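Accompanying notes for the structure given below.
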Amino acid sequence: MLKRTLAIKTSINQAYHQVLSLLVQREHSALELTRKLSAKGYVVEEIEPVLAQLAQNNYQSDERFAEAFVLMRTNQGKGGVLISQQLKQKGIEDFDLSTIDFFELAKSVRLKKYGEQLPKNYKEKAKQQRFLQSRGFGFEQINQVFSCE
């Protein structure tokens, strides 16, 4: 019994240090850290105390992760649909993206890729629309980009 408790404490300590080394590199969501620790062979009884201690010490925050992630993706020219989907995959369900002007972002992404020249025909316009859609912009934003120009 004592050996088991000591082994769990040692394992928790190792997991804690592994997670700290991950968090030094970049922010991670709690779900990401859980998946990474599970992949390394840690069990839930070892993972939960580690995540609780990290949150208590403010070393890991899902909100801080989400803010950094959204900033990174918008700087890469990604749209709200894609960002929202990726956040959900990382365990962040309800992050408010309404403060970001995705219309302006879609417009600048289109200008960077295709320049100021407007599409001359339907085929060209459809190609540009598909490009913006693949970047994760919604239909409203895409249609707005082409109706304003």
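Simple scheme: letters A, B, ... for chains in structure tokens order, numbers from 1 for residues in each chain, numbers from 1 for ligands in the order shown.
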Quiz prompt | Who sits within 8 Å of A:Val19, only C-alpha atoms, same chain under 4 positions skipped, as a list in words | solution =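 Once the nearby chain positions are removed, what remains is Ala15, Leu23, Leu33 and Leu37 of chain A.
Residue neighbourhood of stretch 102-108 of chain A, excluding near-sequence residues (fewer than 5 positions): A:Thr74, A:Asn75, A:Gln76, A:Gly77, A:Lys78, A:Gly79, A:Gly80, A:Val81, A:Leu97, A:Lys113, A:Tyr114, A:Gly115, A:Glu116, A:Leu132, A:Gln133, A:Arg135, A:Gly136, A:Phe137, A:Gly138, A:Glu140, A:Gln141, A:Ile142, A:Asn143, A:Gln144, A:Val145, A:Phe146, A:Cys148, A:Glu149, at 10 Å, using only C-alpha atoms.
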Since we have the selection now, will you write its residues out, keeping N, CA and C atoms, as an mmCIF file, in the first residue's frame?
data_model
loop_
_atom_site.group_PDB
_atom_site.id
_atom_site.type_symbol
_atom_site.label_atom_id
_atom_site.label_comp_id
_atom_site.auth_asym_id
_atom_site.auth_seq_id
_atom_site.Cartn_x
_atom_site.Cartn_y
_atom_site.Cartn_z
ATOM 1 N N THR A 74 -5.583 33.959 -36.595
ATOM 2 C CA THR A 74 -5.983 35.139 -37.366
ATOM 3 C C THR A 74 -4.769 35.767 -38.041
ATOM 4 N N ASN A 75 -3.623 35.719 -37.392
ATOM 5 C CA ASN A 75 -2.401 36.217 -38.031
ATOM 6 C C ASN A 75 -2.008 35.367 -39.230
ATOM 7 N N GLN A 76 -2.433 34.105 -39.234
ATOM 8 C CA GLN A 76 -2.181 33.225 -40.371
ATOM 9 C C GLN A 76 -3.237 33.395 -41.463
ATOM 10 N N GLY A 77 -4.237 34.232 -41.227
ATOM 11 C CA GLY A 77 -5.279 34.468 -42.217
ATOM 12 C C GLY A 77 -6.363 33.411 -42.227
ATOM 13 N N LYS A 78 -6.639 32.812 -41.090
ATOM 14 C CA LYS A 78 -7.677 31.786 -40.996
ATOM 15 C C LYS A 78 -8.990 32.420 -40.556
ATOM 16 N N GLY A 79 -10.097 31.855 -41.015
ATOM 17 C CA GLY A 79 -11.421 32.385 -40.727
ATOM 18 C C GLY A 79 -12.050 31.808 -39.477
ATOM 19 N N GLY A 80 -13.180 32.384 -39.108
ATOM 20 C CA GLY A 80 -13.862 32.018 -37.883
ATOM 21 C C GLY A 80 -14.380 30.597 -37.843
ATOM 22 N N VAL A 81 -14.855 30.087 -38.968
ATOM 23 C CA VAL A 81 -15.385 28.725 -39.004
ATOM 24 C C VAL A 81 -14.277 27.731 -38.669
ATOM 25 N N LEU A 97 -15.776 34.677 -30.514
ATOM 26 C CA LEU A 97 -15.021 35.189 -31.660
ATOM 27 C C LEU A 97 -15.657 36.449 -32.250
ATOM 28 N N LYS A 113 -3.536 37.339 -51.753
ATOM 29 C CA LYS A 113 -3.398 36.210 -52.680
ATOM 30 C C LYS A 113 -3.606 36.638 -54.135
ATOM 31 N N TYR A 114 -4.625 37.462 -54.392
ATOM 32 C CA TYR A 114 -5.015 37.761 -55.775
ATOM 33 C C TYR A 114 -4.797 39.212 -56.190
ATOM 34 N N GLY A 115 -4.388 40.064 -55.275
ATOM 35 C CA GLY A 115 -4.173 41.462 -55.618
ATOM 36 C C GLY A 115 -5.481 42.222 -55.703
ATOM 37 N N GLU A 116 -5.394 43.464 -56.153
ATOM 38 C CA GLU A 116 -6.581 44.316 -56.201
ATOM 39 C C GLU A 116 -7.450 44.058 -57.416
ATOM 40 N N LEU A 132 -11.161 31.259 -50.134
ATOM 41 C CA LEU A 132 -11.544 31.847 -48.850
ATOM 42 C C LEU A 132 -12.297 30.835 -47.986
ATOM 43 N N GLN A 133 -13.102 30.009 -48.628
ATOM 44 C CA GLN A 133 -13.827 28.985 -47.880
ATOM 45 C C GLN A 133 -12.852 27.970 -47.280
ATOM 46 N N ARG A 135 -9.969 28.572 -46.297
ATOM 47 C CA ARG A 135 -9.282 29.244 -45.192
ATOM 48 C C ARG A 135 -10.159 29.363 -43.954
ATOM 49 N N GLY A 136 -11.427 28.956 -44.076
ATOM 50 C CA GLY A 136 -12.298 28.930 -42.910
ATOM 51 C C GLY A 136 -13.207 30.125 -42.754
ATOM 52 N N PHE A 137 -13.437 30.860 -43.823
ATOM 53 C CA PHE A 137 -14.355 31.995 -43.755
ATOM 54 C C PHE A 137 -15.762 31.526 -44.095
ATOM 55 N N GLY A 138 -16.754 32.162 -43.480
ATOM 56 C CA GLY A 138 -18.152 31.813 -43.714
ATOM 57 C C GLY A 138 -18.666 32.423 -45.006
ATOM 58 N N GLU A 140 -21.240 34.319 -45.527
ATOM 59 C CA GLU A 140 -21.583 35.741 -45.397
ATOM 60 C C GLU A 140 -20.357 36.622 -45.620
ATOM 61 N N GLN A 141 -19.261 36.261 -44.981
ATOM 62 C CA GLN A 141 -18.037 37.056 -45.098
ATOM 63 C C GLN A 141 -17.512 37.025 -46.528
ATOM 64 N N ILE A 142 -17.555 35.856 -47.147
ATOM 65 C CA ILE A 142 -17.056 35.713 -48.519
ATOM 66 C C ILE A 142 -17.900 36.544 -49.473
ATOM 67 N N ASN A 143 -19.217 36.439 -49.353
ATOM 68 C CA ASN A 143 -20.096 37.209 -50.241
ATOM 69 C C ASN A 143 -19.935 38.704 -50.008
ATOM 70 N N GLN A 144 -19.705 39.096 -48.771
ATOM 71 C CA GLN A 144 -19.495 40.505 -48.451
ATOM 72 C C GLN A 144 -18.224 41.035 -49.113
ATOM 73 N N VAL A 145 -17.186 40.221 -49.144
ATOM 74 C CA VAL A 145 -15.922 40.631 -49.766
ATOM 75 C C VAL A 145 -16.148 40.974 -51.228
ATOM 76 N N PHE A 146 -16.917 40.157 -51.926
ATOM 77 C CA PHE A 146 -17.111 40.370 -53.359
ATOM 78 C C PHE A 146 -18.197 41.397 -53.661
ATOM 79 N N CYS A 148 -18.650 44.169 -51.865
ATOM 80 C CA CYS A 148 -18.131 45.498 -51.524
ATOM 81 C C CYS A 148 -17.140 46.022 -52.553
ATOM 82 N N GLU A 149 -16.615 45.146 -53.370
ATOM 83 C CA GLU A 149 -15.559 45.580 -54.288
ATOM 84 C C GLU A 149 -16.081 46.014 -55.609
#
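Nearest residue to A:Tyr42, choosing from A:Phe65, A:Phe131, A:Tyr16, A:Tyr122 and counting only C-alpha atoms: A:Tyr16.
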Need the shell around A:Glu63: protein/DNA/RNA residues with any atom at most 12 Å away, counting only C-alpha atoms. Skip same-chain ones fewer than 2 positions apart. Format as a PDB file with C-alpha atoms, in the first residue's frame?
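Saved result, part.pdb, follows:
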ATOM      1  CA  GLU A  27       0.194  27.369 -24.222  1.00  0.00           C
ATOM      2  CA  HIS A  28      -1.774  24.104 -24.245  1.00  0.00           C
ATOM      3  CA  SER A  29      -5.405  23.355 -23.442  1.00  0.00           C
ATOM      4  CA  ALA A  30      -6.218  20.962 -20.619  1.00  0.00           C
ATOM      5  CA  ALA A  55      -4.527  25.520 -12.892  1.00  0.00           C
ATOM      6  CA  ASN A  58      -2.010  29.617 -13.033  1.00  0.00           C
ATOM      7  CA  TYR A  59       0.501  27.799 -15.241  1.00  0.00           C
ATOM      8  CA  GLN A  60      -2.254  26.441 -17.468  1.00  0.00           C
ATOM      9  CA  SER A  61      -5.393  28.289 -18.488  1.00  0.00           C
ATOM     10  CA  PHE A  65      -4.648  29.174 -24.527  1.00  0.00           C
ATOM     11  CA  ALA A  66      -7.729  30.103 -26.558  1.00  0.00           C
ATOM     12  CA  GLU A  67      -6.692  33.762 -26.802  1.00  0.00           C
ATOM     13  CA  ALA A  68      -3.190  32.841 -27.970  1.00  0.00           C
ATOM     14  CA  PHE A  69      -4.560  30.261 -30.410  1.00  0.00           C
ATOM     15  CA  VAL A  70      -7.069  32.683 -31.951  1.00  0.00           C
ATOM     16  CA  LEU A  87     -10.845  25.173 -30.751  1.00  0.00           C
ATOM     17  CA  LYS A  90      -8.744  21.162 -28.501  1.00  0.00           C
ATOM     18  CA  GLY A  91     -11.481  21.133 -25.853  1.00  0.00           C
ATOM     19  CA  ILE A  92     -12.518  24.804 -25.950  1.00  0.00           C
ATOM     20  CA  GLU A  93     -16.265  24.897 -26.573  1.00  0.00           C
ATOM     21  CA  ASP A  94     -17.421  28.440 -25.914  1.00  0.00           C
ATOM     22  CA  PHE A  95     -14.883  31.063 -26.923  1.00  0.00           C
ATOM     23  CA  ASP A  96     -16.304  34.375 -28.164  1.00  0.00           C
TER      24      ASP A  96
END
Exercise. Report the distance between atom CA of A:Arg110 and atom CA of A:Ile83 in Å, rounded to one decimal place.
Key: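 Separating atom CA of A:Arg110 from atom CA of A:Ile83 is a distance of 17.8 Å.
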Quiz item: Which is closer to A:Gln18 than all the others in A:Asn121, A:Asn57, A:Thr34, A:Gln86, using only C-alpha atoms?
Solution: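 Of all the options, A:Thr34 lies closest to A:Gln18.
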